[in-house]
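Structure data (compact mmCIF, N, CA and C atoms and all ligand atoms) from target.txt:
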```
# COMPACT_ATOMS: atom_id res chain seq x y z
N MET A 1041 -16.15 -23.59 12.43
CA MET A 1041 -14.68 -23.50 12.26
C MET A 1041 -14.35 -22.72 10.99
N SER A 1042 -13.61 -21.65 11.14
CA SER A 1042 -13.29 -20.88 9.95
C SER A 1042 -12.07 -21.47 9.24
N THR A 1043 -11.97 -21.21 7.95
CA THR A 1043 -10.86 -21.76 7.16
C THR A 1043 -9.58 -20.98 7.44
N ILE A 1044 -8.48 -21.58 7.03
CA ILE A 1044 -7.18 -20.92 7.21
C ILE A 1044 -7.15 -19.57 6.48
N PHE A 1045 -7.87 -19.49 5.35
CA PHE A 1045 -7.88 -18.22 4.61
C PHE A 1045 -8.70 -17.16 5.36
N THR A 1046 -9.78 -17.58 5.99
CA THR A 1046 -10.56 -16.63 6.79
C THR A 1046 -9.72 -16.12 7.95
N LYS A 1047 -8.92 -17.00 8.53
CA LYS A 1047 -8.03 -16.56 9.63
C LYS A 1047 -7.02 -15.54 9.12
N ILE A 1048 -6.55 -15.72 7.90
CA ILE A 1048 -5.62 -14.75 7.30
C ILE A 1048 -6.35 -13.44 7.05
N ILE A 1049 -7.55 -13.53 6.48
CA ILE A 1049 -8.36 -12.33 6.18
C ILE A 1049 -8.62 -11.56 7.47
N ASN A 1050 -8.88 -12.28 8.57
CA ASN A 1050 -9.16 -11.64 9.87
C ASN A 1050 -7.90 -11.28 10.65
N ARG A 1051 -6.75 -11.50 10.02
CA ARG A 1051 -5.46 -11.18 10.65
C ARG A 1051 -5.21 -12.00 11.93
N GLU A 1052 -5.79 -13.20 11.96
CA GLU A 1052 -5.55 -14.07 13.12
C GLU A 1052 -4.26 -14.85 12.93
N ILE A 1053 -3.88 -15.10 11.66
CA ILE A 1053 -2.58 -15.70 11.38
C ILE A 1053 -1.91 -14.88 10.27
N PRO A 1054 -0.58 -14.88 10.25
CA PRO A 1054 0.12 -14.01 9.30
C PRO A 1054 0.13 -14.56 7.88
N ALA A 1055 0.28 -13.67 6.93
CA ALA A 1055 0.45 -14.05 5.52
C ALA A 1055 1.04 -12.85 4.79
N GLU A 1056 1.62 -13.11 3.65
CA GLU A 1056 2.07 -12.00 2.79
C GLU A 1056 0.90 -11.59 1.92
N ILE A 1057 0.25 -10.52 2.31
CA ILE A 1057 -0.91 -10.03 1.56
C ILE A 1057 -0.40 -9.15 0.42
N LEU A 1058 -0.81 -9.51 -0.81
CA LEU A 1058 -0.38 -8.74 -1.97
C LEU A 1058 -1.34 -7.59 -2.26
N TYR A 1059 -2.63 -7.85 -2.02
CA TYR A 1059 -3.66 -6.90 -2.46
C TYR A 1059 -4.96 -7.29 -1.79
N GLU A 1060 -5.81 -6.29 -1.52
CA GLU A 1060 -7.14 -6.67 -1.05
C GLU A 1060 -8.16 -5.59 -1.36
N THR A 1061 -9.39 -6.04 -1.55
CA THR A 1061 -10.53 -5.14 -1.72
C THR A 1061 -11.53 -5.51 -0.61
N ASP A 1062 -12.70 -4.93 -0.66
CA ASP A 1062 -13.71 -5.29 0.35
C ASP A 1062 -14.09 -6.77 0.25
N ASN A 1063 -13.98 -7.34 -0.97
CA ASN A 1063 -14.51 -8.69 -1.21
C ASN A 1063 -13.47 -9.75 -1.52
N VAL A 1064 -12.27 -9.33 -1.88
CA VAL A 1064 -11.26 -10.27 -2.39
C VAL A 1064 -9.92 -9.98 -1.74
N ILE A 1065 -9.15 -11.05 -1.49
CA ILE A 1065 -7.78 -10.86 -0.98
C ILE A 1065 -6.83 -11.71 -1.83
N SER A 1066 -5.61 -11.24 -1.99
CA SER A 1066 -4.59 -12.03 -2.67
C SER A 1066 -3.38 -12.15 -1.76
N ILE A 1067 -2.91 -13.40 -1.63
CA ILE A 1067 -1.76 -13.66 -0.76
C ILE A 1067 -0.74 -14.51 -1.52
N ILE A 1068 0.47 -14.55 -0.96
CA ILE A 1068 1.49 -15.46 -1.48
C ILE A 1068 1.20 -16.88 -0.95
N ASP A 1069 1.25 -17.87 -1.85
CA ASP A 1069 1.08 -19.27 -1.42
C ASP A 1069 2.32 -19.71 -0.64
N ILE A 1070 2.07 -20.32 0.51
CA ILE A 1070 3.16 -20.68 1.43
C ILE A 1070 4.02 -21.83 0.87
N MET A 1071 3.44 -22.65 -0.03
CA MET A 1071 4.20 -23.76 -0.65
C MET A 1071 4.14 -23.61 -2.16
N PRO A 1072 4.95 -22.72 -2.71
CA PRO A 1072 4.79 -22.32 -4.11
C PRO A 1072 5.30 -23.35 -5.11
N ILE A 1073 4.63 -23.40 -6.26
CA ILE A 1073 5.17 -24.12 -7.42
C ILE A 1073 6.42 -23.39 -7.88
N HIS A 1074 6.32 -22.07 -7.97
CA HIS A 1074 7.49 -21.21 -8.19
C HIS A 1074 7.35 -20.00 -7.26
N TYR A 1075 8.46 -19.36 -6.92
CA TYR A 1075 8.39 -18.19 -6.04
C TYR A 1075 7.47 -17.14 -6.65
N GLY A 1076 6.62 -16.60 -5.80
CA GLY A 1076 5.65 -15.61 -6.25
C GLY A 1076 4.28 -16.19 -6.54
N HIS A 1077 4.18 -17.53 -6.58
CA HIS A 1077 2.88 -18.22 -6.73
C HIS A 1077 1.89 -17.57 -5.76
N ALA A 1078 0.79 -17.09 -6.32
CA ALA A 1078 -0.16 -16.30 -5.53
C ALA A 1078 -1.54 -16.96 -5.51
N LEU A 1079 -2.32 -16.62 -4.51
CA LEU A 1079 -3.70 -17.09 -4.41
C LEU A 1079 -4.62 -15.88 -4.41
N ILE A 1080 -5.75 -16.01 -5.07
CA ILE A 1080 -6.78 -14.96 -5.09
C ILE A 1080 -8.02 -15.59 -4.47
N ILE A 1081 -8.54 -14.97 -3.44
CA ILE A 1081 -9.55 -15.62 -2.59
C ILE A 1081 -10.71 -14.66 -2.31
N PRO A 1082 -11.95 -15.10 -2.56
CA PRO A 1082 -13.07 -14.27 -2.12
C PRO A 1082 -13.10 -14.26 -0.58
N LYS A 1083 -13.43 -13.12 0.00
CA LYS A 1083 -13.38 -13.08 1.47
C LYS A 1083 -14.46 -13.95 2.11
N LYS A 1084 -15.57 -14.14 1.40
CA LYS A 1084 -16.60 -15.04 1.94
C LYS A 1084 -16.18 -16.48 1.69
N GLU A 1085 -16.55 -17.35 2.62
CA GLU A 1085 -16.11 -18.76 2.55
C GLU A 1085 -16.95 -19.60 1.60
N TYR A 1086 -16.81 -19.38 0.31
CA TYR A 1086 -17.46 -20.27 -0.65
C TYR A 1086 -16.59 -21.51 -0.79
N LYS A 1087 -17.23 -22.68 -0.81
CA LYS A 1087 -16.45 -23.93 -0.84
C LYS A 1087 -15.75 -24.14 -2.16
N THR A 1088 -16.50 -24.05 -3.25
CA THR A 1088 -15.91 -24.28 -4.57
C THR A 1088 -16.40 -23.18 -5.53
N PHE A 1089 -15.88 -23.24 -6.72
CA PHE A 1089 -16.27 -22.31 -7.80
C PHE A 1089 -17.79 -22.26 -7.96
N LEU A 1090 -18.43 -23.43 -7.80
CA LEU A 1090 -19.88 -23.51 -8.03
C LEU A 1090 -20.68 -22.71 -7.01
N ASP A 1091 -20.08 -22.41 -5.90
CA ASP A 1091 -20.79 -21.69 -4.83
C ASP A 1091 -20.63 -20.18 -4.92
N VAL A 1092 -19.74 -19.72 -5.79
CA VAL A 1092 -19.48 -18.27 -5.88
C VAL A 1092 -20.61 -17.60 -6.68
N PRO A 1093 -21.30 -16.62 -6.09
CA PRO A 1093 -22.36 -15.95 -6.84
C PRO A 1093 -21.80 -15.25 -8.08
N GLU A 1094 -22.58 -15.32 -9.15
CA GLU A 1094 -22.14 -14.74 -10.43
C GLU A 1094 -21.70 -13.29 -10.27
N ALA A 1095 -22.39 -12.55 -9.43
CA ALA A 1095 -22.10 -11.12 -9.24
C ALA A 1095 -20.70 -10.88 -8.69
N GLU A 1096 -20.10 -11.90 -8.07
CA GLU A 1096 -18.76 -11.72 -7.48
C GLU A 1096 -17.64 -12.18 -8.40
N LEU A 1097 -17.99 -12.81 -9.51
CA LEU A 1097 -16.96 -13.38 -10.38
C LEU A 1097 -16.12 -12.32 -11.07
N LYS A 1098 -16.78 -11.20 -11.43
CA LYS A 1098 -16.09 -10.17 -12.20
C LYS A 1098 -14.91 -9.60 -11.39
N GLU A 1099 -15.18 -9.28 -10.14
CA GLU A 1099 -14.12 -8.72 -9.29
C GLU A 1099 -13.01 -9.74 -9.03
N LEU A 1100 -13.44 -10.98 -8.83
CA LEU A 1100 -12.47 -12.06 -8.58
C LEU A 1100 -11.51 -12.23 -9.77
N LEU A 1101 -12.08 -12.20 -10.96
CA LEU A 1101 -11.25 -12.34 -12.17
C LEU A 1101 -10.41 -11.09 -12.42
N ALA A 1102 -10.98 -9.93 -12.10
CA ALA A 1102 -10.23 -8.67 -12.28
C ALA A 1102 -9.00 -8.67 -11.36
N VAL A 1103 -9.18 -9.10 -10.12
CA VAL A 1103 -8.03 -9.15 -9.20
C VAL A 1103 -7.03 -10.21 -9.67
N THR A 1104 -7.53 -11.32 -10.17
CA THR A 1104 -6.64 -12.37 -10.70
C THR A 1104 -5.78 -11.81 -11.83
N GLN A 1105 -6.40 -11.04 -12.72
CA GLN A 1105 -5.63 -10.46 -13.82
C GLN A 1105 -4.61 -9.43 -13.31
N LEU A 1106 -5.04 -8.63 -12.34
CA LEU A 1106 -4.13 -7.62 -11.75
C LEU A 1106 -2.88 -8.29 -11.17
N ILE A 1107 -3.10 -9.38 -10.44
CA ILE A 1107 -1.98 -10.09 -9.80
C ILE A 1107 -1.11 -10.77 -10.87
N ALA A 1108 -1.76 -11.37 -11.88
CA ALA A 1108 -1.00 -12.02 -12.95
C ALA A 1108 -0.11 -10.99 -13.66
N LYS A 1109 -0.65 -9.81 -13.91
CA LYS A 1109 0.15 -8.76 -14.56
C LYS A 1109 1.35 -8.38 -13.68
N ALA A 1110 1.11 -8.30 -12.38
CA ALA A 1110 2.21 -7.93 -11.46
C ALA A 1110 3.28 -9.02 -11.45
N LEU A 1111 2.86 -10.29 -11.50
CA LEU A 1111 3.85 -11.38 -11.53
C LEU A 1111 4.66 -11.33 -12.81
N VAL A 1112 3.97 -11.12 -13.93
CA VAL A 1112 4.66 -11.05 -15.23
C VAL A 1112 5.70 -9.93 -15.21
N LYS A 1113 5.31 -8.79 -14.65
CA LYS A 1113 6.21 -7.63 -14.61
C LYS A 1113 7.38 -7.89 -13.64
N THR A 1114 7.06 -8.46 -12.49
CA THR A 1114 8.08 -8.66 -11.45
C THR A 1114 9.14 -9.67 -11.90
N PHE A 1115 8.67 -10.79 -12.45
CA PHE A 1115 9.60 -11.88 -12.78
C PHE A 1115 9.92 -11.96 -14.27
N LYS A 1116 9.46 -10.93 -15.02
CA LYS A 1116 9.70 -10.88 -16.47
C LYS A 1116 9.29 -12.22 -17.13
N LEU A 1117 8.07 -12.63 -16.84
CA LEU A 1117 7.60 -13.94 -17.28
C LEU A 1117 7.20 -13.95 -18.75
N GLU A 1118 7.45 -15.09 -19.37
CA GLU A 1118 6.90 -15.33 -20.72
C GLU A 1118 5.53 -15.97 -20.61
N GLY A 1119 5.24 -16.56 -19.45
CA GLY A 1119 3.94 -17.22 -19.28
C GLY A 1119 3.66 -17.56 -17.83
N PHE A 1120 2.41 -17.89 -17.57
CA PHE A 1120 1.99 -18.26 -16.21
C PHE A 1120 0.78 -19.18 -16.34
N ASN A 1121 0.45 -19.89 -15.27
CA ASN A 1121 -0.81 -20.65 -15.22
C ASN A 1121 -1.72 -20.04 -14.18
N PHE A 1122 -3.01 -20.00 -14.48
CA PHE A 1122 -3.95 -19.83 -13.37
C PHE A 1122 -4.94 -20.96 -13.40
N PHE A 1123 -5.25 -21.45 -12.20
CA PHE A 1123 -6.07 -22.65 -12.09
C PHE A 1123 -6.71 -22.71 -10.72
N SER A 1124 -7.64 -23.62 -10.59
CA SER A 1124 -8.33 -23.79 -9.31
C SER A 1124 -8.67 -25.25 -9.11
N ASN A 1125 -8.38 -25.79 -7.95
CA ASN A 1125 -8.74 -27.16 -7.61
C ASN A 1125 -10.09 -27.12 -6.88
N ASN A 1126 -11.04 -27.91 -7.39
CA ASN A 1126 -12.38 -27.90 -6.80
C ASN A 1126 -12.78 -29.30 -6.38
N GLY A 1127 -12.87 -29.52 -5.07
CA GLY A 1127 -13.17 -30.84 -4.52
C GLY A 1127 -11.88 -31.58 -4.22
N GLU A 1128 -11.93 -32.42 -3.18
CA GLU A 1128 -10.72 -33.14 -2.75
C GLU A 1128 -10.15 -33.99 -3.88
N ILE A 1129 -11.03 -34.61 -4.67
CA ILE A 1129 -10.56 -35.49 -5.74
C ILE A 1129 -9.75 -34.72 -6.79
N ALA A 1130 -10.01 -33.41 -6.85
CA ALA A 1130 -9.28 -32.55 -7.79
C ALA A 1130 -8.07 -31.88 -7.13
N GLY A 1131 -7.81 -32.25 -5.88
CA GLY A 1131 -6.62 -31.72 -5.22
C GLY A 1131 -6.87 -30.53 -4.32
N GLN A 1132 -8.15 -30.21 -4.08
CA GLN A 1132 -8.43 -29.07 -3.20
C GLN A 1132 -8.16 -29.46 -1.75
N SER A 1133 -7.29 -28.71 -1.10
CA SER A 1133 -6.96 -29.01 0.30
C SER A 1133 -7.55 -27.98 1.25
N VAL A 1134 -7.79 -26.77 0.77
CA VAL A 1134 -8.43 -25.74 1.60
C VAL A 1134 -9.82 -25.51 1.02
N HIS A 1135 -10.83 -25.80 1.82
CA HIS A 1135 -12.21 -25.77 1.31
C HIS A 1135 -12.82 -24.38 1.43
N HIS A 1136 -12.12 -23.46 0.82
CA HIS A 1136 -12.51 -22.05 0.72
C HIS A 1136 -12.00 -21.65 -0.66
N PHE A 1137 -12.93 -21.42 -1.58
CA PHE A 1137 -12.55 -21.28 -2.99
C PHE A 1137 -11.38 -20.30 -3.19
N HIS A 1138 -10.50 -20.65 -4.09
CA HIS A 1138 -9.35 -19.78 -4.40
C HIS A 1138 -8.82 -20.11 -5.79
N ILE A 1139 -8.18 -19.12 -6.38
CA ILE A 1139 -7.55 -19.27 -7.69
C ILE A 1139 -6.04 -19.17 -7.49
N HIS A 1140 -5.31 -20.11 -8.08
CA HIS A 1140 -3.85 -20.07 -8.04
C HIS A 1140 -3.34 -19.32 -9.28
N VAL A 1141 -2.30 -18.52 -9.12
CA VAL A 1141 -1.56 -17.99 -10.27
C VAL A 1141 -0.09 -18.26 -10.02
N THR A 1142 0.53 -19.00 -10.92
CA THR A 1142 1.95 -19.31 -10.71
C THR A 1142 2.78 -18.97 -11.94
N PRO A 1143 3.94 -18.40 -11.70
CA PRO A 1143 4.88 -18.18 -12.81
C PRO A 1143 5.24 -19.49 -13.46
N ARG A 1144 5.61 -19.45 -14.75
CA ARG A 1144 6.18 -20.60 -15.44
C ARG A 1144 7.49 -20.18 -16.10
N TYR A 1145 8.38 -21.15 -16.21
CA TYR A 1145 9.70 -20.90 -16.79
C TYR A 1145 10.02 -21.98 -17.81
N PRO A 1146 10.91 -21.68 -18.74
CA PRO A 1146 11.28 -22.70 -19.73
C PRO A 1146 11.81 -23.96 -19.05
N ASN A 1147 11.39 -25.12 -19.53
CA ASN A 1147 11.87 -26.41 -19.02
C ASN A 1147 11.73 -26.58 -17.50
N ASP A 1148 10.67 -26.03 -16.93
CA ASP A 1148 10.53 -26.13 -15.46
C ASP A 1148 9.89 -27.44 -15.01
N LYS A 1149 9.49 -28.26 -15.97
CA LYS A 1149 8.98 -29.62 -15.69
C LYS A 1149 7.71 -29.64 -14.85
N VAL A 1150 7.03 -28.50 -14.73
CA VAL A 1150 5.72 -28.49 -14.08
C VAL A 1150 4.73 -29.03 -15.10
N SER A 1151 3.90 -29.98 -14.69
CA SER A 1151 3.02 -30.63 -15.65
C SER A 1151 1.65 -30.87 -15.05
N PHE A 1152 0.61 -30.63 -15.83
CA PHE A 1152 -0.75 -30.81 -15.33
C PHE A 1152 -1.45 -32.02 -15.95
N ALA A 1153 -1.05 -32.39 -17.17
CA ALA A 1153 -1.82 -33.42 -17.87
C ALA A 1153 -0.92 -34.56 -18.32
N HIS A 1154 -1.32 -35.79 -17.98
CA HIS A 1154 -0.64 -36.99 -18.47
C HIS A 1154 -1.68 -37.88 -19.14
N ASN A 1155 -1.25 -38.77 -19.98
CA ASN A 1155 -2.16 -39.77 -20.57
C ASN A 1155 -3.44 -39.17 -21.13
N LEU A 1156 -3.30 -38.21 -22.02
CA LEU A 1156 -4.49 -37.59 -22.62
C LEU A 1156 -5.29 -38.64 -23.37
N LYS A 1157 -6.61 -38.55 -23.26
CA LYS A 1157 -7.50 -39.52 -23.92
C LYS A 1157 -7.76 -39.12 -25.37
N LYS A 1158 -8.29 -40.09 -26.14
CA LYS A 1158 -8.75 -39.79 -27.49
C LYS A 1158 -10.22 -40.16 -27.59
N TYR A 1159 -11.00 -39.41 -28.37
CA TYR A 1159 -12.39 -39.77 -28.62
C TYR A 1159 -12.47 -40.76 -29.77
N ASN A 1160 -13.38 -41.74 -29.67
CA ASN A 1160 -13.71 -42.59 -30.81
C ASN A 1160 -14.64 -41.81 -31.74
N GLU A 1161 -14.85 -42.36 -32.94
CA GLU A 1161 -15.78 -41.78 -33.91
C GLU A 1161 -17.14 -41.52 -33.24
N GLY A 1162 -17.63 -40.29 -33.29
CA GLY A 1162 -18.97 -39.97 -32.76
C GLY A 1162 -19.02 -39.75 -31.26
N GLN A 1163 -17.96 -40.12 -30.56
CA GLN A 1163 -18.00 -40.06 -29.10
C GLN A 1163 -17.96 -38.62 -28.58
N MET A 1164 -17.23 -37.77 -29.31
CA MET A 1164 -17.12 -36.37 -28.86
C MET A 1164 -18.49 -35.71 -28.89
N LYS A 1165 -19.28 -35.99 -29.95
CA LYS A 1165 -20.63 -35.41 -30.06
C LYS A 1165 -21.53 -35.95 -28.94
N GLU A 1166 -21.42 -37.26 -28.68
CA GLU A 1166 -22.22 -37.88 -27.60
C GLU A 1166 -21.96 -37.18 -26.27
N VAL A 1167 -20.69 -36.99 -25.98
CA VAL A 1167 -20.31 -36.35 -24.72
C VAL A 1167 -20.81 -34.90 -24.70
N ALA A 1168 -20.61 -34.20 -25.81
CA ALA A 1168 -21.04 -32.80 -25.90
C ALA A 1168 -22.56 -32.68 -25.76
N ASP A 1169 -23.31 -33.62 -26.37
CA ASP A 1169 -24.77 -33.61 -26.26
C ASP A 1169 -25.21 -33.74 -24.80
N LYS A 1170 -24.55 -34.63 -24.07
CA LYS A 1170 -24.90 -34.83 -22.66
C LYS A 1170 -24.66 -33.55 -21.86
N ILE A 1171 -23.53 -32.91 -22.12
CA ILE A 1171 -23.21 -31.67 -21.39
C ILE A 1171 -24.19 -30.58 -21.77
N ARG A 1172 -24.43 -30.43 -23.09
CA ARG A 1172 -25.35 -29.38 -23.57
C ARG A 1172 -26.72 -29.50 -22.91
N ALA A 1173 -27.15 -30.75 -22.67
CA ALA A 1173 -28.47 -30.98 -22.06
C ALA A 1173 -28.52 -30.47 -20.62
N ASN A 1174 -27.36 -30.28 -20.03
CA ASN A 1174 -27.33 -29.84 -18.62
C ASN A 1174 -26.93 -28.39 -18.45
N ILE A 1175 -26.81 -27.66 -19.56
CA ILE A 1175 -26.50 -26.23 -19.44
C ILE A 1175 -27.81 -25.49 -19.24
N SER A 1176 -27.91 -24.80 -18.12
CA SER A 1176 -29.16 -24.06 -17.86
C SER A 1176 -28.85 -22.65 -17.42
P1 LIG A 1201 -5.52 -26.21 -2.87
O1 LIG A 1201 -4.68 -27.43 -2.57
O2 LIG A 1201 -5.84 -25.98 -4.29
O3 LIG A 1201 -6.74 -26.20 -1.97
O4 LIG A 1201 -4.62 -24.98 -2.46
C1 LIG A 1201 -4.44 -24.56 -1.16
C2 LIG A 1201 -3.16 -23.78 -1.16
O5 LIG A 1201 -3.12 -23.02 0.04
C3 LIG A 1201 -1.92 -24.66 -1.18
O6 LIG A 1201 -1.15 -24.37 -2.36
C4 LIG A 1201 -1.19 -24.27 0.09
O7 LIG A 1201 0.20 -24.20 -0.07
C5 LIG A 1201 -1.79 -22.91 0.42
N1 LIG A 1201 -1.76 -22.57 1.83
C6 LIG A 1201 -2.16 -23.34 2.87
N2 LIG A 1201 -2.01 -22.68 4.03
C7 LIG A 1201 -1.50 -21.46 3.72
C8 LIG A 1201 -1.10 -20.32 4.47
N3 LIG A 1201 -1.17 -20.31 5.80
N4 LIG A 1201 -0.61 -19.24 3.81
C9 LIG A 1201 -0.52 -19.25 2.46
N5 LIG A 1201 -0.87 -20.30 1.69
C10 LIG A 1201 -1.35 -21.39 2.30
```

Could you write out this structure as structure tokens?
Amino acid sequence: MSTIFTKIINREIPAEILYETDNVISIIDIMPIHYGHALIIPKKEYKTFLDVPEAELKELLAVTQLIAKALVKTFKLEGFNFFSNNGEIAGQSVHHFHIHVTPRYPNDKVSFAHNLKKYNEGQMKEVADKIRANIS
């Protein structure tokens, strides 16, 4: 079963395509945080960020920047977010890796973080040590 994005890439279902290369496509998100909210998608069906080969990241990020610049110019933005949900627990609903880019506006009440945690004495180093041990 191909993903909804593969169906868009194959022109089996319609979408507003902003840009495409041999490897990457950018479309308008059908349920935008703000108008113009765009998605940047590798044409191959990688499930999450972790599955994308390193060799493909450069083009993916270059297209993300190209689209972000176009949004800034189009909507005269002071700022934007780009982000990616990876795994259902993180809010991923389409299991075909993609990057969101959405315009932001003053007082738009869009929020990503609530209840920020604090580290106890020494805890930040403990956590960092654990992560460092797994960087390969
Ligand atoms: P995520 O929840 O991070 O997996 O993001 C999936 C995004 O795909 C959501 O923001 C949806 O609104 C968007 N989406 C789903 N179906 C379509 C479609 N047919 N055309 C454009 N965007 C879509």

Quiz prompt | Nearby polymer residues, ligand LIG 1201 (chain A), at most 6 Å, only N, CA and C atoms and all ligand atoms, as a PyMOL selection string | solution = chain A and resi 1055+1068-1072+1124-1125+1131-1135

Practice problem: Measure the distance from atom C of A:Gln1163 to atom N of A:Glu1128 in Å and round it to one decimal. | Solution: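 Interatomic distance here is 26.8 Å.
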
Self-check item: Separation of atom C of A:Ile1139 from atom CA of A:Met1041, in Å and rounded to one decimal
Solution: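 Between these atoms lies a distance of 22.0 Å.
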
Quiz prompt | For A:Ile1057: contacts at 8 Å, all atoms listed in the file, fewer than 3 positions along chain excluded, given as a PyMOL selection string | solution = chain A and resi 1054+1060+1065-1068

Quiz item: At what distance in Å, to one decimal, does atom C of A:Ala1173 lie from atom N of A:Asn1155?
Solution: 28.5 Å

Quiz item: Which is closer to A:His1077 than all the others in A:Phe1089, A:Val1141, A:Ala1095, A:Leu1111, using all atoms listed in the file?
Solution: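 Closest residue, counting all atoms listed in the file: A:Val1141.
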
Self-check item: Neighbour list for A:Lys1149 as JSON, numbers by chain, cut-off 12 Å, only C-alpha atoms, skip fewer than 4 positions in-chain
Solution: {"A": [1073, 1074, 1144, 1145, 1153]}

Around all listed atoms of stretch 1057-1065 of chain A, padded 4 Å per side, what centre and edge lengths does the axis-aligned box have in Å to one decimal, as JSON?
```
{"center_x": -7.1, "center_y": -8.3, "center_z": -0.1, "size_x": 22.8, "size_y": 14.8, "size_z": 12.8}
```

Quiz item: Got a sec to tell me which of chain A DSSP assigns to strand (DSSP E or B), as number ranges by chain?
Solution: A: 1057-1060, 1064-1068, 1078-1082, 1119-1123, 1139-1144

Quiz item: Of the residues A:Tyr1159, A:Phe1115, A:Phe1120, A:Phe1045, which is the one nearest to A:Pro1082, using only C-alpha atoms?
Solution: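 Nearest candidate to A:Pro1082 out of A:Tyr1159, A:Phe1115, A:Phe1120, A:Phe1045: A:Phe1045.
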
Exercise. Give the alpha helix (DSSP H) residues of chain A, as assigned by DSSP on the backbone, as a PyMOL selection string.
Key: chain A and resi 1044-1049+1094-1115+1163-1172

Exercise. Identify which of the residues A:His1138, A:Glu1096, A:Leu1106, A:Pro1146 lies closest to A:Gly1119, counting only C-alpha atoms when measuring atom-to-atom distances.
Key: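 So, comparing all the options, the nearest one is A:Pro1146.
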
Quiz prompt | Option closest in space to A:Thr1043, from A:Gly1076, A:Phe1152, A:Ile1129, A:Glu1085 [counting all atoms listed in the file] | solution =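 Checking each candidate against A:Thr1043, we get A:Glu1085 as the closest.
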
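The closest residue to A:Thr1114, picked from A:Ile1081, A:Tyr1075, A:Ser1176, A:Met1164 and counting only C-alpha atoms, is A:Tyr1075.
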